[in-house]
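> Pasting coords.pdb below, which is PDB, C-alpha atoms, pLDDT in the B column.
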```pdb
ATOM      1  CA  MET J   1       1.422 127.270   9.421  1.00 61.00           C
ATOM      2  CA  GLN J   2       3.844 129.051  11.730  1.00 75.00           C
ATOM      3  CA  ASP J   3       7.472 127.946  11.799  1.00 86.00           C
ATOM      4  CA  THR J   4       7.433 125.420  14.644  1.00 91.00           C
ATOM      5  CA  ASN J   5      11.192 125.865  15.107  1.00 94.00           C
ATOM      6  CA  GLN J   6      10.582 129.372  16.464  1.00 96.00           C
ATOM      7  CA  PRO J   7      10.139 129.799  20.233  1.00 98.00           C
ATOM      8  CA  VAL J   8       6.671 130.596  21.569  1.00 98.00           C
ATOM      9  CA  LEU J   9       5.743 132.696  24.606  1.00 98.00           C
ATOM     10  CA  VAL J  10       2.521 131.834  26.463  1.00 98.00           C
ATOM     11  CA  ILE J  11       1.213 134.362  29.006  1.00 98.00           C
ATOM     12  CA  ASP J  12      -1.652 133.833  31.446  1.00 97.00           C
ATOM     13  CA  ASP J  13      -2.000 134.765  35.096  1.00 96.00           C
ATOM     14  CA  PHE J  14      -3.534 131.352  35.902  1.00 95.00           C
ATOM     15  CA  VAL J  15      -0.878 128.652  36.142  1.00 96.00           C
ATOM     16  CA  THR J  16      -3.312 125.914  35.083  1.00 96.00           C
ATOM     17  CA  MET J  17      -4.354 127.841  31.979  1.00 96.00           C
ATOM     18  CA  THR J  18      -0.716 128.493  31.084  1.00 97.00           C
ATOM     19  CA  ARG J  19      -0.034 124.775  31.354  1.00 97.00           C
ATOM     20  CA  ILE J  20      -3.057 123.952  29.148  1.00 97.00           C
ATOM     21  CA  MET J  21      -2.083 126.507  26.493  1.00 97.00           C
ATOM     22  CA  LYS J  22       1.517 125.288  26.504  1.00 98.00           C
ATOM     23  CA  SER J  23       0.255 121.739  25.960  1.00 97.00           C
ATOM     24  CA  ILE J  24      -1.890 122.888  23.020  1.00 97.00           C
ATOM     25  CA  VAL J  25       1.048 124.715  21.449  1.00 97.00           C
ATOM     26  CA  ILE J  26       3.223 121.611  21.844  1.00 97.00           C
ATOM     27  CA  GLN J  27       0.477 119.522  20.163  1.00 97.00           C
ATOM     28  CA  LEU J  28       0.902 121.789  17.126  1.00 96.00           C
ATOM     29  CA  GLY J  29       4.580 120.859  16.940  1.00 96.00           C
ATOM     30  CA  PHE J  30       6.228 123.750  18.766  1.00 97.00           C
ATOM     31  CA  ALA J  31       8.929 122.388  21.059  1.00 95.00           C
ATOM     32  CA  ASP J  32      10.397 125.584  22.532  1.00 97.00           C
ATOM     33  CA  VAL J  33       7.685 127.159  24.696  1.00 98.00           C
ATOM     34  CA  ASP J  34       8.286 129.686  27.473  1.00 98.00           C
ATOM     35  CA  THR J  35       5.568 130.700  29.923  1.00 98.00           C
ATOM     36  CA  CYS J  36       4.961 133.800  32.031  1.00 97.00           C
ATOM     37  CA  HIS J  37       2.223 134.643  34.505  1.00 97.00           C
ATOM     38  CA  SER J  38       2.054 138.413  34.071  1.00 97.00           C
ATOM     39  CA  GLY J  39       2.505 141.036  31.410  1.00 97.00           C
ATOM     40  CA  GLN J  40       5.413 142.508  33.357  1.00 97.00           C
ATOM     41  CA  ALA J  41       7.244 139.149  33.449  1.00 98.00           C
ATOM     42  CA  ALA J  42       6.546 138.700  29.729  1.00 98.00           C
ATOM     43  CA  LEU J  43       8.037 142.104  28.896  1.00 98.00           C
ATOM     44  CA  ALA J  44      11.156 141.114  30.833  1.00 97.00           C
ATOM     45  CA  GLN J  45      11.259 137.875  28.830  1.00 97.00           C
ATOM     46  CA  LEU J  46      11.104 139.869  25.577  1.00 98.00           C
ATOM     47  CA  ARG J  47      14.411 141.459  26.532  1.00 96.00           C
ATOM     48  CA  LEU J  48      15.961 137.974  26.620  1.00 96.00           C
ATOM     49  CA  ARG J  49      14.552 136.304  23.479  1.00 96.00           C
ATOM     50  CA  ARG J  50      12.905 136.831  20.123  1.00 96.00           C
ATOM     51  CA  TYR J  51       9.711 134.828  19.650  1.00 97.00           C
ATOM     52  CA  GLY J  52       7.973 133.501  16.568  1.00 96.00           C
ATOM     53  CA  LEU J  53       4.576 133.593  18.292  1.00 97.00           C
ATOM     54  CA  ILE J  54       3.067 135.066  21.448  1.00 98.00           C
ATOM     55  CA  ILE J  55      -0.207 133.868  22.977  1.00 98.00           C
ATOM     56  CA  CYS J  56      -1.494 136.079  25.772  1.00 97.00           C
ATOM     57  CA  ASP J  57      -4.584 136.123  27.983  1.00 96.00           C
ATOM     58  CA  LEU J  58      -6.641 139.303  27.789  1.00 95.00           C
ATOM     59  CA  GLU J  59      -7.825 139.568  31.381  1.00 93.00           C
ATOM     60  CA  MET J  60      -4.782 139.571  33.641  1.00 94.00           C
ATOM     61  CA  GLU J  61      -4.122 141.454  36.857  1.00 90.00           C
ATOM     62  CA  SER J  62      -2.011 144.639  36.782  1.00 91.00           C
ATOM     63  CA  MET J  63      -1.525 144.595  32.984  1.00 95.00           C
ATOM     64  CA  THR J  64      -4.105 143.313  30.532  1.00 94.00           C
ATOM     65  CA  GLY J  65      -3.144 141.324  27.468  1.00 94.00           C
ATOM     66  CA  ALA J  66      -4.067 144.318  25.314  1.00 93.00           C
ATOM     67  CA  GLU J  67      -1.755 146.570  27.332  1.00 95.00           C
ATOM     68  CA  PHE J  68       1.010 143.970  27.098  1.00 97.00           C
ATOM     69  CA  ALA J  69       0.583 143.680  23.316  1.00 96.00           C
ATOM     70  CA  GLY J  70       0.662 147.454  22.853  1.00 95.00           C
ATOM     71  CA  ARG J  71       3.843 147.745  24.887  1.00 97.00           C
ATOM     72  CA  ALA J  72       5.398 144.705  23.159  1.00 97.00           C
ATOM     73  CA  ARG J  73       4.876 146.286  19.722  1.00 97.00           C
ATOM     74  CA  ALA J  74       6.448 149.594  20.794  1.00 96.00           C
ATOM     75  CA  PRO J  75      10.138 150.322  21.410  1.00 96.00           C
ATOM     76  CA  PRO J  76      12.240 149.093  23.054  1.00 96.00           C
ATOM     77  CA  TYR J  77      10.678 145.676  22.369  1.00 96.00           C
ATOM     78  CA  SER J  78       9.336 146.264  18.828  1.00 96.00           C
ATOM     79  CA  VAL J  79       7.937 142.727  18.576  1.00 97.00           C
ATOM     80  CA  ARG J  80       7.040 141.763  15.003  1.00 94.00           C
ATOM     81  CA  CYS J  81       5.821 138.181  15.512  1.00 96.00           C
ATOM     82  CA  PRO J  82       2.106 137.333  15.621  1.00 96.00           C
ATOM     83  CA  ILE J  83       0.383 138.065  18.923  1.00 97.00           C
ATOM     84  CA  VAL J  84      -2.822 136.138  19.653  1.00 97.00           C
ATOM     85  CA  ILE J  85      -5.037 137.247  22.539  1.00 95.00           C
ATOM     86  CA  THR J  86      -7.061 134.620  24.388  1.00 95.00           C
ATOM     87  CA  THR J  87     -10.204 135.320  26.376  1.00 93.00           C
ATOM     88  CA  ALA J  88     -13.263 133.550  27.708  1.00 91.00           C
ATOM     89  CA  SER J  89     -15.342 136.666  27.074  1.00 86.00           C
ATOM     90  CA  ARG J  90     -16.826 137.446  23.658  1.00 85.00           C
ATOM     91  CA  GLU J  91     -17.665 140.891  25.032  1.00 86.00           C
ATOM     92  CA  GLY J  92     -14.044 141.419  26.113  1.00 82.00           C
ATOM     93  CA  ALA J  93     -12.825 140.568  22.606  1.00 80.00           C
ATOM     94  CA  ALA J  94     -15.474 142.842  21.067  1.00 82.00           C
ATOM     95  CA  GLN J  95     -14.442 145.728  23.351  1.00 86.00           C
ATOM     96  CA  CYS J  96     -10.819 145.267  22.278  1.00 80.00           C
ATOM     97  CA  VAL J  97     -11.806 145.430  18.615  1.00 79.00           C
ATOM     98  CA  ARG J  98     -13.855 148.583  19.241  1.00 83.00           C
ATOM     99  CA  ALA J  99     -10.897 150.095  21.102  1.00 82.00           C
ATOM    100  CA  GLY J 100      -8.569 149.443  18.144  1.00 78.00           C
ATOM    101  CA  VAL J 101      -6.515 146.699  19.787  1.00 81.00           C
ATOM    102  CA  HIS J 102      -6.684 144.746  16.521  1.00 78.00           C
ATOM    103  CA  ASP J 103      -4.261 147.350  15.118  1.00 84.00           C
ATOM    104  CA  PHE J 104      -1.427 145.703  17.061  1.00 85.00           C
ATOM    105  CA  VAL J 105      -2.822 142.237  17.815  1.00 93.00           C
ATOM    106  CA  ASP J 106      -3.009 139.633  15.061  1.00 94.00           C
ATOM    107  CA  GLY J 107      -5.986 137.691  16.353  1.00 92.00           C
ATOM    108  CA  PHE J 108      -8.305 136.683  19.165  1.00 93.00           C
ATOM    109  CA  ILE J 109      -9.268 133.170  20.196  1.00 94.00           C
ATOM    110  CA  LEU J 110     -12.007 132.286  22.660  1.00 93.00           C
ATOM    111  CA  LYS J 111     -11.337 129.954  25.575  1.00 93.00           C
ATOM    112  CA  PRO J 112     -11.645 127.074  25.863  1.00 93.00           C
ATOM    113  CA  PHE J 113      -9.936 126.193  22.603  1.00 95.00           C
ATOM    114  CA  LYS J 114      -8.342 123.081  21.160  1.00 96.00           C
ATOM    115  CA  ALA J 115      -5.191 122.611  19.110  1.00 97.00           C
ATOM    116  CA  ALA J 116      -7.267 122.539  15.900  1.00 96.00           C
ATOM    117  CA  ASP J 117      -8.865 125.892  16.815  1.00 96.00           C
ATOM    118  CA  LEU J 118      -5.471 127.483  17.393  1.00 96.00           C
ATOM    119  CA  GLN J 119      -4.094 125.976  14.193  1.00 96.00           C
ATOM    120  CA  THR J 120      -7.018 127.443  12.228  1.00 96.00           C
ATOM    121  CA  LYS J 121      -6.431 130.854  13.839  1.00 95.00           C
ATOM    122  CA  LEU J 122      -2.695 130.726  13.028  1.00 96.00           C
ATOM    123  CA  LEU J 123      -3.446 129.809   9.399  1.00 95.00           C
ATOM    124  CA  GLU J 124      -5.875 132.765   9.161  1.00 94.00           C
ATOM    125  CA  ILE J 125      -3.221 135.097  10.560  1.00 94.00           C
ATOM    126  CA  GLN J 126      -0.550 133.737   8.220  1.00 92.00           C
ATOM    127  CA  GLU J 127      -2.822 134.190   5.195  1.00 93.00           C
ATOM    128  CA  ARG J 128      -3.722 137.753   6.236  1.00 89.00           C
ATOM    129  CA  LEU J 129      -0.024 138.627   6.734  1.00 84.00           C
ATOM    130  CA  ARG J 130       0.839 137.102   3.361  1.00 87.00           C
ATOM    131  CA  ALA J 131      -1.892 139.164   1.671  1.00 87.00           C
ATOM    132  CA  ARG J 132      -0.664 142.368   3.356  1.00 80.00           C
ATOM    133  CA  LYS J 133       2.908 141.658   2.271  1.00 81.00           C
ATOM    134  CA  LEU J 134       1.780 141.066  -1.304  1.00 83.00           C
ATOM    135  CA  GLU J 135      -0.174 144.342  -1.261  1.00 82.00           C
ATOM    136  CA  SER J 136       2.809 146.297   0.049  1.00 78.00           C
ATOM    137  CA  GLU J 137       5.082 144.744  -2.590  1.00 80.00           C
ATOM    138  CA  GLN J 138       2.631 145.682  -5.361  1.00 76.00           C
ATOM    139  CA  GLU J 139       2.041 149.223  -4.063  1.00 66.00           C
ATOM    140  CA  PRO J 140       5.348 150.703  -5.371  1.00 63.00           C
ATOM    141  CA  ALA J 141       4.668 149.185  -8.816  1.00 58.00           C
ATOM    142  CA  ILE J 142       1.152 150.658  -8.866  1.00 54.00           C
ATOM    143  CA  GLN J 143       2.494 154.064  -7.795  1.00 57.00           C
ATOM    144  CA  LYS J 144       5.236 153.887 -10.444  1.00 56.00           C
ATOM    145  CA  ASP J 145       2.650 153.012 -13.142  1.00 57.00           C
ATOM    146  CA  ALA J 146       0.433 155.910 -12.027  1.00 56.00           C
ATOM    147  CA  MET J 147       3.343 158.350 -12.211  1.00 58.00           C
ATOM    148  CA  ALA J 148       4.316 157.122 -15.685  1.00 60.00           C
ATOM    149  CA  ALA J 149       0.792 157.628 -17.065  1.00 57.00           C
ATOM    150  CA  PRO J 150       0.262 160.895 -19.016  1.00 58.00           C
TER     151      PRO J 150
END
```
Take the structure in the file and write it out as structure tokens.


Amino acid sequence: MQDTNQPVLVIDDFVTMTRIMKSIVIQLGFADVDTCHSGQAALAQLRLRRYGLIICDLEMESMTGAEFAGRARAPPYSVRCPIVITTASREGAAQCVRAGVHDFVDGFILKPFKAADLQTKLLEIQERLRARKLESEQEPAIQKDAMAAP
């Protein structure tokens, strides 16, 4: 599970949805939760704090969640924490995957979701990140073994 001592940023252009998502995150044990109602406001917030988790709606006005995530991963922000995109549209999530958004987003979760759903998604992300880290740590050893072979 994510480190619940890390701050979380929740982004959704609907105030009610932001409030619901913040409540869900708090149910999982996160106490420090910031909210924003646009991708632009969230980017400004990234200049102020480092987050352990970002949850962002896909379909927002002026800047989609996918656009936000792409910009958040790039300099000057260079966010490294997990970013989870929320959407009520299976088709919207599928389009993002086809467009390669999963290259810089750690997961998608369909609305409406409960705390248990988000917890499951966060555990999946954590396991995937752990596996990637293990692979990257083993890669130099594999390359070194290959170079040593006659």

> For a quick check of understanding, using only C-alpha atoms, which of J:Val10, J:Ala74, J:Leu110, J:Leu129 has the smallest distance to J:Ala94?

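Nearest candidate to J:Ala94 out of J:Val10, J:Ala74, J:Leu110, J:Leu129: J:Leu110.
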
> Given the file shown, enumerate the residues that the PyMOL selection byres ((chain J and resi 37-45) around 6) captures and present them as a PyMOL selection string.

chain J and resi 11-13+36+46-48+63+68

> Which distance in Å separates atom CA of J:Asp3 and atom CA of J:Leu134, to one decimal?

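Interatomic distance, atom CA of J:Asp3 to atom CA of J:Leu134: 19.4 Å.
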
> Rank J:Phe14, J:Arg49, J:Glu135, J:Met21 by their smallest atom-to-atom distance to J:Val84, using all atoms listed in the file, and report the top residue only.

J:Met21

> For J:Ser89, work out the shell of residues within 12 Å, counting only C-alpha atoms and skipping chain neighbours fewer than 6 positions away, then give it as a compact mmCIF listing (two decimals) with C-alpha atoms, keeping the file's coordinate frame.


```
# COMPACT_ATOMS: atom_id res chain seq x y z
CA ASP J 57 -4.58 136.12 27.98
CA LEU J 58 -6.64 139.30 27.79
CA GLU J 59 -7.82 139.57 31.38
CA GLN J 95 -14.44 145.73 23.35
CA CYS J 96 -10.82 145.27 22.28
CA PHE J 108 -8.30 136.68 19.16
CA ILE J 109 -9.27 133.17 20.20
CA LEU J 110 -12.01 132.29 22.66
CA LYS J 111 -11.34 129.95 25.58
CA PRO J 112 -11.64 127.07 25.86
```

> Tell me which residues come within 10 Å of (5.7, 133.1, 19.0), as a ChimeraX atom specification, counting all atoms listed in the file in the file's coordinates.

/J:2-10,25,30,32-34,50-55,79-84

> Grab the residues selected above and save them as a PDB file, keeping the file's coordinate frame with C-alpha atoms.


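Below is the file that was written, selection-v5.pdb:
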```pdb
ATOM      1  CA  GLN J   2       3.844 129.051  11.730  1.00 75.00           C
ATOM      2  CA  ASP J   3       7.472 127.946  11.799  1.00 86.00           C
ATOM      3  CA  THR J   4       7.433 125.420  14.644  1.00 91.00           C
ATOM      4  CA  ASN J   5      11.192 125.865  15.107  1.00 94.00           C
ATOM      5  CA  GLN J   6      10.582 129.372  16.464  1.00 96.00           C
ATOM      6  CA  PRO J   7      10.139 129.799  20.233  1.00 98.00           C
ATOM      7  CA  VAL J   8       6.671 130.596  21.569  1.00 98.00           C
ATOM      8  CA  LEU J   9       5.743 132.696  24.606  1.00 98.00           C
ATOM      9  CA  VAL J  10       2.521 131.834  26.463  1.00 98.00           C
ATOM     10  CA  VAL J  25       1.048 124.715  21.449  1.00 97.00           C
ATOM     11  CA  PHE J  30       6.228 123.750  18.766  1.00 97.00           C
ATOM     12  CA  ASP J  32      10.397 125.584  22.532  1.00 97.00           C
ATOM     13  CA  VAL J  33       7.685 127.159  24.696  1.00 98.00           C
ATOM     14  CA  ASP J  34       8.286 129.686  27.473  1.00 98.00           C
ATOM     15  CA  ARG J  50      12.905 136.831  20.123  1.00 96.00           C
ATOM     16  CA  TYR J  51       9.711 134.828  19.650  1.00 97.00           C
ATOM     17  CA  GLY J  52       7.973 133.501  16.568  1.00 96.00           C
ATOM     18  CA  LEU J  53       4.576 133.593  18.292  1.00 97.00           C
ATOM     19  CA  ILE J  54       3.067 135.066  21.448  1.00 98.00           C
ATOM     20  CA  ILE J  55      -0.207 133.868  22.977  1.00 98.00           C
ATOM     21  CA  VAL J  79       7.937 142.727  18.576  1.00 97.00           C
ATOM     22  CA  ARG J  80       7.040 141.763  15.003  1.00 94.00           C
ATOM     23  CA  CYS J  81       5.821 138.181  15.512  1.00 96.00           C
ATOM     24  CA  PRO J  82       2.106 137.333  15.621  1.00 96.00           C
ATOM     25  CA  ILE J  83       0.383 138.065  18.923  1.00 97.00           C
ATOM     26  CA  VAL J  84      -2.822 136.138  19.653  1.00 97.00           C
TER      27      VAL J  84
END
```

> Go through the shown structure with the PyMOL selection byres ((chain J and resi 105) around 7) and write out the matching residues as a list in words.

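Applying the PyMOL selection byres ((chain J and resi 105) around 7) to the structure shown produces Ala69, Ile83, Val84, Val101, His102, Asp103, Phe104, Asp106 and Gly107 of chain J.
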
> Can I get the selection written as an mmCIF file, keeping the file's coordinate frame, with C-alpha atoms?


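Everything below was put into again_17.cif:
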```cif
data_model
loop_
_atom_site.group_PDB
_atom_site.id
_atom_site.type_symbol
_atom_site.label_atom_id
_atom_site.label_comp_id
_atom_site.auth_asym_id
_atom_site.auth_seq_id
_atom_site.Cartn_x
_atom_site.Cartn_y
_atom_site.Cartn_z
ATOM 1 C CA ALA J 69 0.583 143.680 23.316
ATOM 2 C CA ILE J 83 0.383 138.065 18.923
ATOM 3 C CA VAL J 84 -2.822 136.138 19.653
ATOM 4 C CA VAL J 101 -6.515 146.699 19.787
ATOM 5 C CA HIS J 102 -6.684 144.746 16.521
ATOM 6 C CA ASP J 103 -4.261 147.350 15.118
ATOM 7 C CA PHE J 104 -1.427 145.703 17.061
ATOM 8 C CA ASP J 106 -3.009 139.633 15.061
ATOM 9 C CA GLY J 107 -5.986 137.691 16.353
#
```

> In Å, how far is it from atom CA of J:Gln27 to atom CA of J:Tyr77?

28.2 Å

> Work out how far atom CA of J:Leu28 is from atom CA of J:Ala116, in Å to one decimal.

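Atom CA of J:Leu28 lies 8.3 Å from atom CA of J:Ala116.
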
> For a quick check of understanding, using all atoms listed in the file, which of J:Ile20, J:Gly29, J:Cys56, J:Ala99 has the smallest distance to J:Ile85?

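Ranking J:Ile20, J:Gly29, J:Cys56, J:Ala99 by distance to J:Ile85, first place goes to J:Cys56.
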